[in-house]
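Student: Okay, so here is model-v1.txt, and as you'll see once you scroll down, it has compact mmCIF, C-alpha atoms.
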# COMPACT_ATOMS: atom_id res chain seq x y z
CA MET A 1 0.00 0.00 0.00
CA ARG A 2 1.23 3.46 -0.91
CA PHE A 3 -0.29 6.84 -0.13
CA ILE A 4 0.52 10.53 0.13
CA HIS A 5 0.07 12.59 3.28
CA ILE A 6 -0.34 16.28 2.49
CA SER A 7 -1.56 19.11 4.70
CA ASP A 8 -2.24 22.84 5.02
CA THR A 9 -2.47 23.59 1.30
CA HIS A 10 -4.41 26.83 2.02
CA LEU A 11 -5.93 27.11 -1.45
CA GLY A 12 -7.02 30.68 -2.13
CA TYR A 13 -4.57 32.51 0.12
CA HIS A 14 -3.80 35.84 -1.56
CA GLN A 15 -0.77 36.46 0.63
CA TYR A 16 0.25 40.14 0.62
CA GLY A 17 -2.90 40.73 -1.46
CA LEU A 18 -1.18 39.23 -4.53
CA LYS A 19 -2.89 36.97 -7.07
CA GLU A 20 0.53 35.45 -7.83
CA ARG A 21 0.72 34.12 -4.28
CA ALA A 22 -2.74 32.55 -4.59
CA GLU A 23 -1.55 30.80 -7.77
CA ASP A 24 1.56 29.58 -5.93
CA PHE A 25 -0.59 27.60 -3.48
CA PHE A 26 -2.45 26.02 -6.38
CA ASP A 27 0.81 25.24 -8.22
CA VAL A 28 2.37 23.25 -5.39
CA PHE A 29 -0.86 21.34 -4.72
CA ASN A 30 -0.86 20.34 -8.40
CA GLU A 31 2.78 19.30 -8.10
CA ALA A 32 1.83 16.91 -5.31
CA VAL A 33 -0.99 15.55 -7.48
CA ASP A 34 1.50 15.05 -10.34
CA PHE A 35 3.63 12.94 -7.99
CA ALA A 36 0.62 10.92 -6.82
CA VAL A 37 -0.46 10.18 -10.40
CA GLU A 38 3.07 9.25 -11.48
CA LYS A 39 3.56 6.91 -8.51
CA LYS A 40 0.02 5.50 -8.88
CA VAL A 41 -0.60 5.78 -5.16
CA ASP A 42 -3.63 4.06 -3.65
CA PHE A 43 -5.02 7.22 -2.03
CA ILE A 44 -4.20 10.62 -0.51
CA ILE A 45 -4.83 11.84 3.03
CA HIS A 46 -5.09 15.57 3.76
CA THR A 47 -4.89 16.73 7.38
CA GLY A 48 -6.73 20.05 7.23
CA ASP A 49 -6.75 23.59 5.85
CA PHE A 50 -7.43 22.44 2.30
CA PHE A 51 -8.82 25.96 1.77
CA HIS A 52 -7.49 29.10 3.42
CA SER A 53 -10.95 30.41 4.19
CA SER A 54 -14.27 28.99 5.33
CA ARG A 55 -15.76 31.18 2.57
CA PRO A 56 -13.59 30.50 -0.50
CA SER A 57 -14.34 32.44 -3.66
CA ASN A 58 -15.93 30.81 -6.69
CA GLN A 59 -12.52 30.83 -8.40
CA VAL A 60 -10.93 28.99 -5.46
CA ILE A 61 -13.74 26.42 -5.38
CA LEU A 62 -13.08 25.82 -9.08
CA GLN A 63 -9.42 25.20 -8.25
CA GLY A 64 -10.48 22.64 -5.65
CA MET A 65 -12.71 21.02 -8.28
CA GLU A 66 -9.78 20.88 -10.72
CA ILE A 67 -7.66 19.06 -8.11
CA LEU A 68 -10.46 16.52 -7.60
CA ARG A 69 -11.00 16.10 -11.35
CA ARG A 70 -7.37 15.13 -11.82
CA LEU A 71 -7.52 12.68 -8.92
CA ASN A 72 -10.79 11.18 -10.15
CA ASP A 73 -9.32 10.72 -13.64
CA ALA A 74 -6.42 8.84 -12.05
CA LYS A 75 -8.81 6.89 -9.75
CA ILE A 76 -7.03 8.18 -6.63
CA PRO A 77 -9.39 8.88 -3.70
CA ILE A 78 -8.62 11.67 -1.24
CA PHE A 79 -9.60 11.68 2.45
CA VAL A 80 -9.75 15.09 4.15
CA ILE A 81 -10.54 16.71 7.50
CA SER A 82 -11.45 20.35 8.14
CA GLY A 83 -8.76 22.55 9.69
CA ASN A 84 -9.26 25.74 11.65
CA HIS A 85 -9.31 27.76 8.41
CA ASP A 86 -11.88 25.74 6.48
CA ARG A 87 -14.04 24.13 9.16
CA GLY A 88 -16.92 26.60 8.79
CA SER A 89 -18.95 28.29 11.50
CA GLN A 90 -20.16 25.99 14.24
CA VAL A 91 -23.62 27.58 14.14
CA LYS A 92 -24.22 29.44 10.89
CA ASP A 93 -22.47 27.34 8.26
CA VAL A 94 -20.71 24.09 7.39
CA SER A 95 -17.24 23.38 6.08
CA PRO A 96 -16.81 24.46 2.43
CA LEU A 97 -15.27 21.05 1.86
CA LYS A 98 -18.81 19.64 1.85
CA ILE A 99 -19.29 21.40 -1.49
CA LEU A 100 -16.64 19.09 -2.95
CA GLN A 101 -18.03 15.86 -1.52
CA PRO A 102 -20.28 15.05 -4.52
CA LEU A 103 -17.16 15.42 -6.69
CA GLY A 104 -15.21 12.73 -4.85
CA LEU A 105 -13.72 14.37 -1.77
CA ASN A 106 -14.14 12.11 1.27
CA LEU A 107 -14.67 14.37 4.30
CA ILE A 108 -14.09 12.63 7.63
CA ASP A 109 -14.61 15.32 10.26
CA SER A 110 -15.92 13.08 13.02
CA GLY A 111 -15.89 9.32 12.78
CA VAL A 112 -14.41 6.38 10.92
CA LEU A 113 -14.52 5.34 7.28
CA GLU A 114 -13.60 1.89 5.96
CA TYR A 115 -11.80 1.74 2.63
CA GLU A 116 -10.65 -1.51 1.01
CA GLY A 117 -9.82 -3.21 4.28
CA LEU A 118 -8.21 -0.26 6.04
CA PHE A 119 -9.80 2.16 8.48
CA ILE A 120 -9.45 5.97 8.43
CA GLY A 121 -10.57 8.06 11.39
CA GLY A 122 -10.80 11.84 11.21
CA LEU A 123 -11.29 14.62 13.72
CA LYS A 124 -11.68 18.21 12.56
CA TYR A 125 -10.05 21.12 14.37
CA ILE A 126 -11.41 21.86 17.84
CA SER A 127 -10.81 25.30 19.36
CA LYS A 128 -9.32 25.78 22.82
CA ALA A 129 -12.76 26.74 24.09
CA GLY A 130 -14.18 23.52 22.66
CA LEU A 131 -11.39 21.45 24.16
CA ARG A 132 -12.10 22.86 27.61
CA GLN A 133 -15.64 21.56 27.34
CA ILE A 134 -14.63 18.00 26.41
CA GLU A 135 -11.35 17.89 28.41
CA GLY A 136 -9.14 16.51 25.66
CA ILE A 137 -9.64 14.17 22.71
CA LYS A 138 -8.51 10.78 24.05
CA GLU A 139 -12.04 9.56 24.76
CA ILE A 140 -13.11 10.45 21.20
CA LEU A 141 -10.16 8.57 19.72
CA GLU A 142 -10.80 5.52 21.90
CA LYS A 143 -14.32 5.35 20.45
CA TYR A 144 -12.81 5.52 16.95
CA LEU A 145 -10.71 2.45 17.72
CA GLU A 146 -13.82 0.57 18.87
CA GLN A 147 -15.30 1.16 15.40
CA MET A 148 -12.22 -0.13 13.58
CA GLY A 149 -11.59 -3.70 12.55
CA GLU A 150 -8.34 -5.62 12.16
CA GLY A 151 -7.01 -3.70 9.18
CA PHE A 152 -4.43 -0.90 8.99
CA LYS A 153 -5.62 2.06 11.07
CA ILE A 154 -5.04 5.69 10.03
CA LEU A 155 -5.95 8.77 12.06
CA LEU A 156 -6.19 12.33 10.70
CA LEU A 157 -5.81 15.25 13.13
CA HIS A 158 -5.54 19.03 12.82
CA GLN A 159 -4.80 20.17 16.33
CA GLU A 160 -2.34 22.03 18.54
CA PHE A 161 -0.04 19.71 20.45
CA GLN A 162 2.85 20.39 22.77
CA PRO A 163 5.73 21.18 22.35
CA PHE A 164 4.98 22.85 18.99
CA PHE A 165 2.24 24.93 20.63
CA PRO A 166 3.50 25.65 24.17
CA ASP A 167 0.18 27.15 25.30
CA SER A 168 -1.74 24.02 24.32
CA SER A 169 -3.19 21.63 26.90
CA LEU A 170 -2.79 18.67 24.51
CA ASN A 171 0.10 16.22 24.72
CA MET A 172 0.26 13.61 21.97
CA SER A 173 1.58 10.83 24.21
CA VAL A 174 -1.32 11.41 26.62
CA GLU A 175 -4.14 11.95 24.12
CA LEU A 176 -3.27 9.22 21.61
CA PRO A 177 -4.47 5.75 22.69
CA GLU A 178 -2.62 2.64 21.53
CA GLY A 179 -4.01 0.94 18.47
CA PHE A 180 -3.47 3.32 15.54
CA ASP A 181 -0.81 2.52 12.93
CA TYR A 182 -0.36 5.90 11.22
CA VAL A 183 -1.31 9.31 12.60
CA GLY A 184 -1.16 12.26 10.21
CA VAL A 185 -1.19 15.67 11.90
CA GLY A 186 -1.81 19.08 10.36
CA HIS A 187 -1.87 22.68 11.64
CA TYR A 188 1.86 22.92 12.45
CA HIS A 189 3.48 24.25 9.28
CA ILE A 190 7.02 22.93 9.78
CA ALA A 191 7.43 19.34 8.63
CA GLN A 192 8.81 16.94 11.23
CA SER A 193 10.63 13.63 11.08
CA PRO A 194 8.27 10.73 11.83
CA VAL A 195 8.20 9.55 15.46
CA ASP A 196 6.69 6.60 17.29
CA VAL A 197 3.99 7.49 19.82
CA ASN A 198 2.20 4.67 21.62
CA GLY A 199 2.91 2.27 18.75
CA ALA A 200 1.79 4.63 15.98
CA THR A 201 3.93 6.37 13.35
CA VAL A 202 3.10 10.05 13.91
CA VAL A 203 3.83 12.40 11.01
CA TYR A 204 3.60 16.18 10.64
CA SER A 205 3.88 16.93 6.92
CA GLY A 206 3.88 20.74 7.33
CA SER A 207 2.34 23.23 4.91
CA THR A 208 3.00 23.22 1.18
CA GLU A 209 3.78 26.95 1.01
CA PHE A 210 4.76 29.76 3.37
CA THR A 211 1.73 31.43 4.98
CA ALA A 212 3.96 33.29 7.45
CA TYR A 213 7.63 32.96 6.64
CA ASN A 214 10.22 31.96 9.20
CA GLU A 215 13.73 30.56 8.99
CA LYS A 216 12.87 27.15 10.47
CA GLU A 217 10.40 26.49 7.66
CA GLU A 218 13.03 27.43 5.08
CA GLU A 219 15.57 25.05 6.64
CA THR A 220 13.10 22.15 6.63
CA GLY A 221 11.64 22.88 3.22
CA LYS A 222 8.11 22.54 1.90
CA GLY A 223 6.60 19.28 0.77
CA PHE A 224 4.56 16.23 1.70
CA TYR A 225 5.12 12.62 2.78
CA PHE A 226 5.10 9.62 0.47
CA VAL A 227 4.25 6.62 2.63
CA GLU A 228 4.80 2.96 1.78
CA VAL A 229 3.25 0.29 4.02
CA ASP A 230 4.19 -3.37 4.08
CA GLY A 231 2.12 -5.13 6.71
CA LYS A 232 2.76 -3.08 9.84
CA ASN A 233 6.05 -1.70 8.48
CA VAL A 234 5.55 2.02 7.70
CA ARG A 235 8.13 3.90 5.60
CA PRO A 236 7.40 7.66 5.22
CA GLU A 237 9.62 9.68 2.85
CA PHE A 238 9.54 13.47 2.73
CA ILE A 239 9.20 14.80 -0.82
CA HIS A 240 10.37 18.38 -1.37
CA LEU A 241 8.19 20.57 -3.58
CA LYS A 242 10.08 22.30 -6.39
CA ARG A 243 7.47 24.80 -7.55
CA LYS A 244 7.27 26.74 -4.30
CA ARG A 245 8.02 30.46 -4.38
CA PRO A 246 11.60 31.32 -3.26
CA PHE A 247 11.78 33.34 -0.03
CA LEU A 248 14.97 35.22 0.82
CA TYR A 249 15.43 36.12 4.49
CA TYR A 250 17.76 38.86 5.74
CA SER A 251 18.54 40.48 9.07
CA LEU A 252 18.76 44.24 8.70
CA SER A 253 21.05 46.65 10.49
CA GLU A 254 20.76 50.36 9.72
CA ASP A 255 24.58 50.58 9.78
CA SER A 256 25.02 48.05 6.95
CA VAL A 257 22.25 48.71 4.43
CA ASP A 258 24.73 49.06 1.54
CA GLU A 259 26.25 45.63 2.24
CA LEU A 260 22.77 44.14 2.50
CA VAL A 261 21.79 45.51 -0.92
CA LYS A 262 24.92 43.98 -2.49
CA GLN A 263 24.07 40.59 -0.98
CA ILE A 264 20.46 40.76 -2.17
CA ARG A 265 21.60 41.54 -5.71
CA LEU A 266 23.93 38.53 -5.70
CA ASP A 267 21.20 36.24 -4.40
CA LEU A 268 18.65 37.45 -6.96
CA GLU A 269 20.94 36.35 -9.79
CA LYS A 270 20.32 32.73 -8.74
CA PHE A 271 16.59 33.05 -9.45
CA GLU A 272 16.59 34.76 -12.85
CA ASN A 273 14.95 31.71 -14.49
CA SER A 274 12.49 30.83 -11.73
CA LYS A 275 9.64 32.47 -9.87
CA LYS A 276 10.53 35.92 -8.59
CA PRO A 277 11.45 35.69 -4.89
CA VAL A 278 9.76 37.26 -1.92
CA ILE A 279 12.25 39.15 0.25
CA VAL A 280 11.75 39.13 4.02
CA LEU A 281 13.63 41.78 6.01
CA LYS A 282 13.83 41.56 9.78
CA GLY A 283 15.47 43.98 12.16
CA THR A 284 15.07 46.83 14.61
CA LEU A 285 14.68 50.39 13.35
CA LYS A 286 15.88 53.44 15.29
CA GLU A 287 16.21 56.31 12.83
CA MET A 288 14.93 54.89 9.53
CA THR A 289 11.29 54.17 8.74
CA PRO A 290 9.98 51.36 6.51
CA ALA A 291 9.11 54.05 3.93
CA ASP A 292 12.76 55.20 3.93
CA LEU A 293 13.91 51.67 3.29
CA ILE A 294 11.36 51.05 0.54
CA ARG A 295 12.56 54.16 -1.30
CA TYR A 296 16.19 53.12 -0.88
CA LEU A 297 15.59 49.60 -2.22
CA LYS A 298 13.53 50.92 -5.12
CA ASN A 299 16.33 53.31 -6.09
CA GLU A 300 18.65 50.28 -6.11
CA GLY A 301 16.32 48.35 -8.40
CA ILE A 302 15.00 46.01 -5.72
CA SER A 303 11.20 46.22 -5.83
CA SER A 304 8.14 44.62 -7.36
CA GLU A 305 7.78 47.64 -9.64
CA GLU A 306 11.22 46.95 -11.05
CA GLU A 307 10.10 43.29 -11.45
CA SER A 308 13.23 42.01 -9.75
CA VAL A 309 11.21 40.56 -6.85
CA LEU A 310 7.56 39.69 -6.30
CA HIS A 311 7.29 41.41 -2.94
CA VAL A 312 9.36 42.85 -0.10
CA ASN A 313 7.98 42.01 3.35
CA PHE A 314 9.10 43.86 6.47
CA ASN A 315 9.17 42.32 9.92
CA PHE A 316 10.51 45.16 12.02
CA THR A 317 10.42 46.08 15.66
CA ARG A 318 10.59 49.76 16.49
CA GLU A 319 12.61 51.33 19.26
CA PHE A 320 11.25 54.51 20.82
CA LYS A 321 12.64 56.76 23.54
CA GLU A 322 10.80 56.39 26.82
CA THR A 323 13.21 58.76 28.54
CA GLU A 324 16.21 60.57 27.15
CA GLY A 325 18.81 58.07 26.03
CA VAL A 326 16.77 54.96 26.95
CA PHE A 327 15.30 52.82 24.15
CA ILE A 328 12.44 50.40 24.67
CA GLU A 329 12.01 47.68 22.07
CA THR A 330 8.42 46.96 21.04
CA THR A 331 8.46 43.22 20.30
CA GLU A 332 5.60 40.78 19.91
CA GLU A 333 6.69 39.07 23.13
CA ASN A 334 6.53 42.35 25.06
CA ILE A 335 3.06 43.03 23.68
CA LYS A 336 1.88 39.55 24.70
CA ASN A 337 3.25 40.04 28.21
CA GLU A 338 1.38 43.32 28.60
CA LEU A 339 -1.80 41.76 27.21
CA LYS A 340 -1.48 38.87 29.65
CA LYS A 341 -1.21 41.32 32.56
CA LEU A 342 -4.24 43.23 31.30
CA ILE A 343 -6.48 40.16 30.87
CA GLY A 344 -5.37 38.32 33.98
CA ASP A 345 -7.19 35.02 33.36
CA GLU A 346 -4.82 32.44 31.80
CA GLN A 347 -7.46 30.58 29.78
CA LEU A 348 -9.02 33.77 28.46
CA PHE A 349 -5.57 35.06 27.49
CA SER A 350 -4.88 31.84 25.52
CA SER A 351 -8.21 32.16 23.70
CA VAL A 352 -7.51 35.80 22.80
CA VAL A 353 -4.03 34.94 21.46
CA GLU A 354 -5.49 32.07 19.42
CA ALA A 355 -8.12 34.37 17.91
CA LEU A 356 -5.61 37.13 17.12
CA THR A 357 -3.19 34.64 15.52
CA PHE A 358 -5.94 33.43 13.21
CA LEU A 359 -7.06 36.95 12.29
CA LYS A 360 -3.44 37.90 11.48
CA SER A 361 -3.61 35.52 8.51
CA PHE A 362 -6.04 37.82 6.68
CA ASP A 363 -4.65 40.31 4.17
CA SER A 364 -6.66 43.36 5.20
CA ILE A 365 -8.88 44.84 7.89
CA ASP A 366 -11.80 44.65 5.46
CA GLU A 367 -11.36 40.88 5.19
CA VAL A 368 -11.27 40.59 8.98
CA LYS A 369 -14.48 42.63 9.28
CA LYS A 370 -16.16 40.48 6.64
CA TYR A 371 -15.15 37.25 8.35
CA LEU A 372 -16.33 38.41 11.78
CA LYS A 373 -19.65 39.55 10.32
CA GLU A 374 -20.19 36.17 8.63
CA ASN A 375 -19.01 34.23 11.70
CA PRO A 376 -20.48 35.97 14.77
CA ASP A 377 -19.70 32.96 16.96
CA PHE A 378 -15.98 33.07 16.10
CA ILE A 379 -14.98 34.52 19.48
CA ASP A 380 -16.48 31.72 21.56
CA PHE A 381 -14.74 32.58 24.82
Transcribe the structure of this file into structure tokens.

Tutor:
Amino acid sequence: MRFIHISDTHLGYHQYGLKERAEDFFDVFNEAVDFAVEKKVDFIIHTGDFFHSSRPSNQVILQGMEILRRLNDAKIPIFVISGNHDRGSQVKDVSPLKILQPLGLNLIDSGVLEYEGLFIGGLKYISKAGLRQIEGIKEILEKYLEQMGEGFKILLLHQEFQPFFPDSSLNMSVELPEGFDYVGVGHYHIAQSPVDVNGATVVYSGSTEFTAYNEKEEETGKGFYFVEVDGKNVRPEFIHLKRKRPFLYYSLSEDSVDELVKQIRLDLEKFENSKKPVIVLKGTLKEMTPADLIRYLKNEGISSEEESVLHVNFNFTREFKETEGVFIETTEENIKNELKKLIGDEQLFSSVVEALTFLKSFDSIDEVKKYLKENPDFIDF
């Protein structure tokens, strides 16, 4: 038996408001499908966030339909769970993945499905508030095992587990009962080497593209797992995606901007015949502003307008003078600490951080407003 484990494809994400980035997410998904067709795999499992939004546009739904058409033509079934991005409103709406069910997508959000002698259990994303009500997921998973026969047992999860999410109350070794053979996990975007947990091969395949760039993701690479099973022997192999957009990461110092520009120019020469890179600049600004830097880079020919790069993204902290000669650095960690003091309650603080992290994935305030209007139960504290 051979299958592909893919996750967090985020179809429809117009990162930075760019249509090119939305196409990138579609490109790499198609690359994975190319691999599946070439290898003639038996099926594909997808562990959540198939779409980037619970309200994908008509164009994005058509892209999802095109993926399914190709898989149907190759007679390759796909089994999917809803992630936090595409699970739909608990009250007002359902997962958009249900739209694709008549076209061959097998949605397993709660329960077990039998397929040609093997058993696939799926559990869609559950928020922290929801987890507090049920006190973990072990009892749910134990009931799944009761519904499974003697065949190979696969479990699909899209959840926050320690240590990847330090604020989470879920620990894989505690929540996962013995009995599963392969556990595919989504939500964490950095692929991990397979590990054994309570007799199961547990695999995080990561996302197929960068939704929020960081160096660790670049080091690991973007891809999916190709899994071969012989009896109870499970052999997962990480397959790197080649069509992903290049991201170039630099640390910025105001004292060495000229040297930085020279290095960027050298690096851009390597990508003349590929997709134009996204440049990510990180640093602390004292005197310069992002506008100053944008003008400087543009004058040096490094900008989307000059068509040398697709986009330049800034990840700066700003130092400001609290008293004469004393600089205070405004970092995300400092902001979280102040927010924690303000809220007081630990559980409420975790829920607020979870909500803000999700809303940060939107490209504009207008999109946030639209989502909150369509999903009034989103903040279920």

Student: Just want the 9 Å neighbourhood of Phe161 of chain A, counted on all atoms listed in the file, with same-chain residues fewer than 4 positions away dropped. Output as a list in words.

Tutor: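 Neighbouring residues, sequence-local ones excluded: Phe165, Pro166, Asp167, Ser168, Ser169, Leu170, Asn171, Met172 and Tyr188 of chain A.
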
Student: Identify which of the residues A:Lys40, A:Lys262, A:His187, A:Arg132 lies closest to His52 of chain A, counting only C-alpha atoms when measuring atom-to-atom distances.

Tutor: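 Checking each of A:Lys40, A:Lys262, A:His187, A:Arg132 against His52 of chain A, counting only C-alpha atoms, the winner is A:His187.
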
Student: Around (-1.6, -0.4, 18.0) in the file's own coordinates, what residues are found within 10 Å if you use all atoms listed in the file, given back as a list in words?

Tutor: Leu145, Phe152, Lys153, Pro177, Glu178, Gly179, Phe180, Asp181, Tyr182, Val197, Asn198, Gly199, Ala200, Thr201 and Lys232 of chain A

Student: Any idea what's packed within 12 Å of Asp267 of chain A, counting only C-alpha atoms, ignoring anything in its chain fewer than 3 positions away? Could you give it as a JSON list (two decimals) with C-alpha atoms, keeping the file's coordinate frame?

Tutor:
[["chain", "number", "residue", "atom", "x", "y", "z"],
["A", 246, "PRO", "CA", 11.60, 31.32, -3.26],
["A", 247, "PHE", "CA", 11.78, 33.34, -0.03],
["A", 248, "LEU", "CA", 14.97, 35.22, 0.82],
["A", 249, "TYR", "CA", 15.43, 36.12, 4.49],
["A", 250, "TYR", "CA", 17.76, 38.86, 5.74],
["A", 260, "LEU", "CA", 22.77, 44.14, 2.50],
["A", 261, "VAL", "CA", 21.79, 45.51, -0.92],
["A", 262, "LYS", "CA", 24.92, 43.98, -2.49],
["A", 263, "GLN", "CA", 24.07, 40.59, -0.98],
["A", 264, "ILE", "CA", 20.46, 40.76, -2.17],
["A", 270, "LYS", "CA", 20.32, 32.73, -8.74],
["A", 271, "PHE", "CA", 16.59, 33.05, -9.45],
["A", 272, "GLU", "CA", 16.59, 34.76, -12.85],
["A", 276, "LYS", "CA", 10.53, 35.92, -8.59],
["A", 277, "PRO", "CA", 11.45, 35.69, -4.89],
["A", 278, "VAL", "CA", 9.76, 37.26, -1.92],
["A", 279, "ILE", "CA", 12.25, 39.15, 0.25],
["A", 302, "ILE", "CA", 15.00, 46.01, -5.72],
["A", 308, "SER", "CA", 13.23, 42.01, -9.75],
["A", 309, "VAL", "CA", 11.21, 40.56, -6.85]]

Student: When you count only C-alpha atoms, which of these residues is closest to Lys98 of chain A: A:Phe238, A:Phe51, A:Tyr213, A:Tyr16?

Tutor: A:Phe51

Student: When you count all atoms listed in the file, which of these residues is closest to Pro236 of chain A: A:Gln192, A:Ser57, A:Ser304, A:Thr289?

Tutor: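 The answer is A:Gln192, which sits nearest to Pro236 of chain A.
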
Student: Which is closest to Ile239 of chain A among A:Lys275, A:Asn299, A:Met1, A:Val28, if we use all atoms listed in the file?

Tutor: A:Val28

Student: Name all residues at most 10 Å from Ile99 of chain A (count only C-alpha atoms; drop same-chain ones fewer than 3 positions away) and give them as a ChimeraX atom specification.

Tutor: /A:61,64-65,94-96,102-103,105

Student: May I ask which of the residues A:Ile294, A:Leu157, A:Val80, A:Val174 is the closest one to Tyr204 of chain A, counting only C-alpha atoms?

Tutor: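 Nearest candidate to Tyr204 of chain A out of A:Ile294, A:Leu157, A:Val80, A:Val174: A:Leu157.
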
Student: Which residue is closest to Ile126 of chain A? Choose from A:Gly231, A:Gly149, A:Gly48, A:Gly12 and count all atoms listed in the file.

Tutor: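 Comparing A:Gly231, A:Gly149, A:Gly48, A:Gly12 against Ile126 of chain A, the winner is A:Gly48.
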
Student: Quick one: distance from atom CA of Thr9 of chain A to atom CA of Val60 of chain A in Å, one decimal?

Tutor: 12.1 Å
